[in-house]
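First up is the structure itself, then whatever we jot down about it.
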Amino acid sequence: QVQLVESGGGLVQAGGSLRLSCAASGRAFSRYHMGWFRQAPGKERDFVTSISWSGGSTYYADSVKGRFTISRDNEKNTVYLQMNSLKPEDAAVYYCAAARWVYGLQDALTPERYDYWGQGTQVTVSS
């Protein structure tokens, strides 16, 4: 069992930055592929980025490439999402998720591949 708690959301002006954190419980954190998804009102939950258990592989949605960076610290059981140059369209509830088995990009993009989810943290971007 893995419990995930996101933090770091808030209100930021367009062009600004935020850093989200996702703290995981349990000793097996380092075995999990970790992802960030987001969901805006009235829209589906979309993939943002993910990182392999070792940190050696990362995936990004085209919409955030070059602006967002995912990282993890397995000793602290935490995954981070650094968001720069934020745009109003980035506003959403951001969810952290953990997947035990991910084989490549297609798996990483798919919410159904993730076993555990956090409660989400709201990101609001003013124009």
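Following the order of the structure tokens, chains are lettered A, B, ..., residues in each are numbered from 1, and ligands are numbered from 1.
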
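Within stretch 10-115 of chain A, residues classed as alpha helix (DSSP H) by DSSP on backbone coordinates are A:Leu105, A:Gln106, A:Asp107, A:Ala108, A:Leu109.
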
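Excluding stretch 107-114 of chain A and any residue on its chain fewer than 4 positions from it, the residues at most 8 Å away by only C-alpha atoms are Gly35, Arg45, Phe47, Ser50, Tyr59, Ala97, Ala98, Ala99, Arg100, Trp101, Val102 and Tyr103 of chain A.
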
Prev. selection, C-alpha atoms, output as a compact mmCIF listing (two decimals), in the first residue's frame:
```txt
# COMPACT_ATOMS: atom_id res chain seq x y z
CA GLY A 35 3.56 10.30 -12.51
CA ARG A 45 -7.52 13.71 -16.40
CA PHE A 47 -0.93 13.00 -18.34
CA SER A 50 6.36 10.75 -15.20
CA TYR A 59 8.32 11.41 -20.04
CA ALA A 97 0.26 8.74 -8.95
CA ALA A 98 2.34 5.60 -8.45
CA ALA A 99 2.57 2.65 -10.79
CA ARG A 100 4.24 -0.66 -9.97
CA TRP A 101 4.62 -1.77 -13.58
CA VAL A 102 5.24 0.60 -16.46
CA TYR A 103 6.74 -0.55 -19.71
```

Could you pull out all residues of chain A with a DSSP call of strand (DSSP E or B) and give them as a ChimeraX atom specification? /A:4-7,10-13,18-24,33-39,46-51,58-60,68-73,78-83,92-99,116-117,121-126

Let's have the selection written as a PDB file, in the first residue's frame, with C-alpha atoms.
```pdb
ATOM      1  CA  LEU A   4       0.472   9.880  -1.642  1.00  0.00           C
ATOM      2  CA  VAL A   5       0.089  13.453  -0.426  1.00  0.00           C
ATOM      3  CA  GLU A   6       0.591  16.380  -2.776  1.00  0.00           C
ATOM      4  CA  SER A   7       1.507  19.890  -1.717  1.00  0.00           C
ATOM      5  CA  GLY A  10      -1.556  27.718  -5.204  1.00  0.00           C
ATOM      6  CA  LEU A  11      -2.239  30.866  -7.167  1.00  0.00           C
ATOM      7  CA  VAL A  12       0.443  32.225  -9.465  1.00  0.00           C
ATOM      8  CA  GLN A  13       0.543  34.788 -12.230  1.00  0.00           C
ATOM      9  CA  LEU A  18       5.487  26.649  -8.686  1.00  0.00           C
ATOM     10  CA  ARG A  19       7.044  23.523  -7.267  1.00  0.00           C
ATOM     11  CA  LEU A  20       4.762  20.668  -6.375  1.00  0.00           C
ATOM     12  CA  SER A  21       5.773  17.884  -4.047  1.00  0.00           C
ATOM     13  CA  CYS A  22       4.331  14.439  -3.562  1.00  0.00           C
ATOM     14  CA  ALA A  23       5.267  12.634  -0.380  1.00  0.00           C
ATOM     15  CA  ALA A  24       4.796   8.879  -0.355  1.00  0.00           C
ATOM     16  CA  HIS A  33       7.152   4.635 -11.454  1.00  0.00           C
ATOM     17  CA  MET A  34       5.750   8.026 -10.469  1.00  0.00           C
ATOM     18  CA  GLY A  35       3.562  10.302 -12.507  1.00  0.00           C
ATOM     19  CA  TRP A  36       1.801  13.638 -12.440  1.00  0.00           C
ATOM     20  CA  PHE A  37      -1.594  14.101 -14.044  1.00  0.00           C
ATOM     21  CA  ARG A  38      -3.892  17.106 -14.102  1.00  0.00           C
ATOM     22  CA  GLN A  39      -7.571  17.676 -14.477  1.00  0.00           C
ATOM     23  CA  ASP A  46      -4.473  14.280 -18.586  1.00  0.00           C
ATOM     24  CA  PHE A  47      -0.934  13.002 -18.337  1.00  0.00           C
ATOM     25  CA  VAL A  48       1.657  15.661 -17.512  1.00  0.00           C
ATOM     26  CA  THR A  49       4.914  13.846 -16.802  1.00  0.00           C
ATOM     27  CA  SER A  50       6.358  10.749 -15.199  1.00  0.00           C
ATOM     28  CA  ILE A  51       9.636   9.323 -13.986  1.00  0.00           C
ATOM     29  CA  THR A  58      11.299  10.698 -17.815  1.00  0.00           C
ATOM     30  CA  TYR A  59       8.324  11.412 -20.040  1.00  0.00           C
ATOM     31  CA  TYR A  60       6.575  14.703 -20.693  1.00  0.00           C
ATOM     32  CA  PHE A  68       8.125  21.479 -16.407  1.00  0.00           C
ATOM     33  CA  THR A  69      10.674  19.188 -14.788  1.00  0.00           C
ATOM     34  CA  ILE A  70       9.980  16.053 -12.794  1.00  0.00           C
ATOM     35  CA  SER A  71      12.448  14.666 -10.290  1.00  0.00           C
ATOM     36  CA  ARG A  72      12.472  12.289  -7.355  1.00  0.00           C
ATOM     37  CA  ASP A  73      14.360  11.683  -4.160  1.00  0.00           C
ATOM     38  CA  THR A  78       9.223  12.306  -2.583  1.00  0.00           C
ATOM     39  CA  VAL A  79       8.644  13.240  -6.192  1.00  0.00           C
ATOM     40  CA  TYR A  80       8.710  16.833  -7.370  1.00  0.00           C
ATOM     41  CA  LEU A  81       7.240  18.803 -10.227  1.00  0.00           C
ATOM     42  CA  GLN A  82       8.954  22.085 -11.008  1.00  0.00           C
ATOM     43  CA  MET A  83       6.662  24.203 -13.150  1.00  0.00           C
ATOM     44  CA  ALA A  92      -5.954  22.391 -12.934  1.00  0.00           C
ATOM     45  CA  VAL A  93      -5.940  20.005 -10.015  1.00  0.00           C
ATOM     46  CA  TYR A  94      -2.619  18.181 -10.142  1.00  0.00           C
ATOM     47  CA  TYR A  95      -2.504  14.561  -9.026  1.00  0.00           C
ATOM     48  CA  CYS A  96       0.464  12.446  -8.114  1.00  0.00           C
ATOM     49  CA  ALA A  97       0.264   8.741  -8.947  1.00  0.00           C
ATOM     50  CA  ALA A  98       2.339   5.599  -8.448  1.00  0.00           C
ATOM     51  CA  ALA A  99       2.571   2.651 -10.794  1.00  0.00           C
ATOM     52  CA  TYR A 116      -2.229   4.677  -6.236  1.00  0.00           C
ATOM     53  CA  TRP A 117      -3.324   8.293  -6.414  1.00  0.00           C
ATOM     54  CA  THR A 121      -3.474  19.978  -5.270  1.00  0.00           C
ATOM     55  CA  GLN A 122      -5.014  22.974  -6.997  1.00  0.00           C
ATOM     56  CA  VAL A 123      -2.932  25.127  -9.319  1.00  0.00           C
ATOM     57  CA  THR A 124      -4.466  28.405 -10.439  1.00  0.00           C
ATOM     58  CA  VAL A 125      -2.773  30.641 -12.999  1.00  0.00           C
ATOM     59  CA  SER A 126      -3.998  34.197 -13.441  1.00  0.00           C
TER      60      SER A 126
END
```

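Between atom CA of A:Gly9 and atom CA of A:Gly66 lies a distance of 19.9 Å.
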
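Here atom CA of A:Gly42 and atom CA of A:Arg67 stand 24.3 Å from one another.
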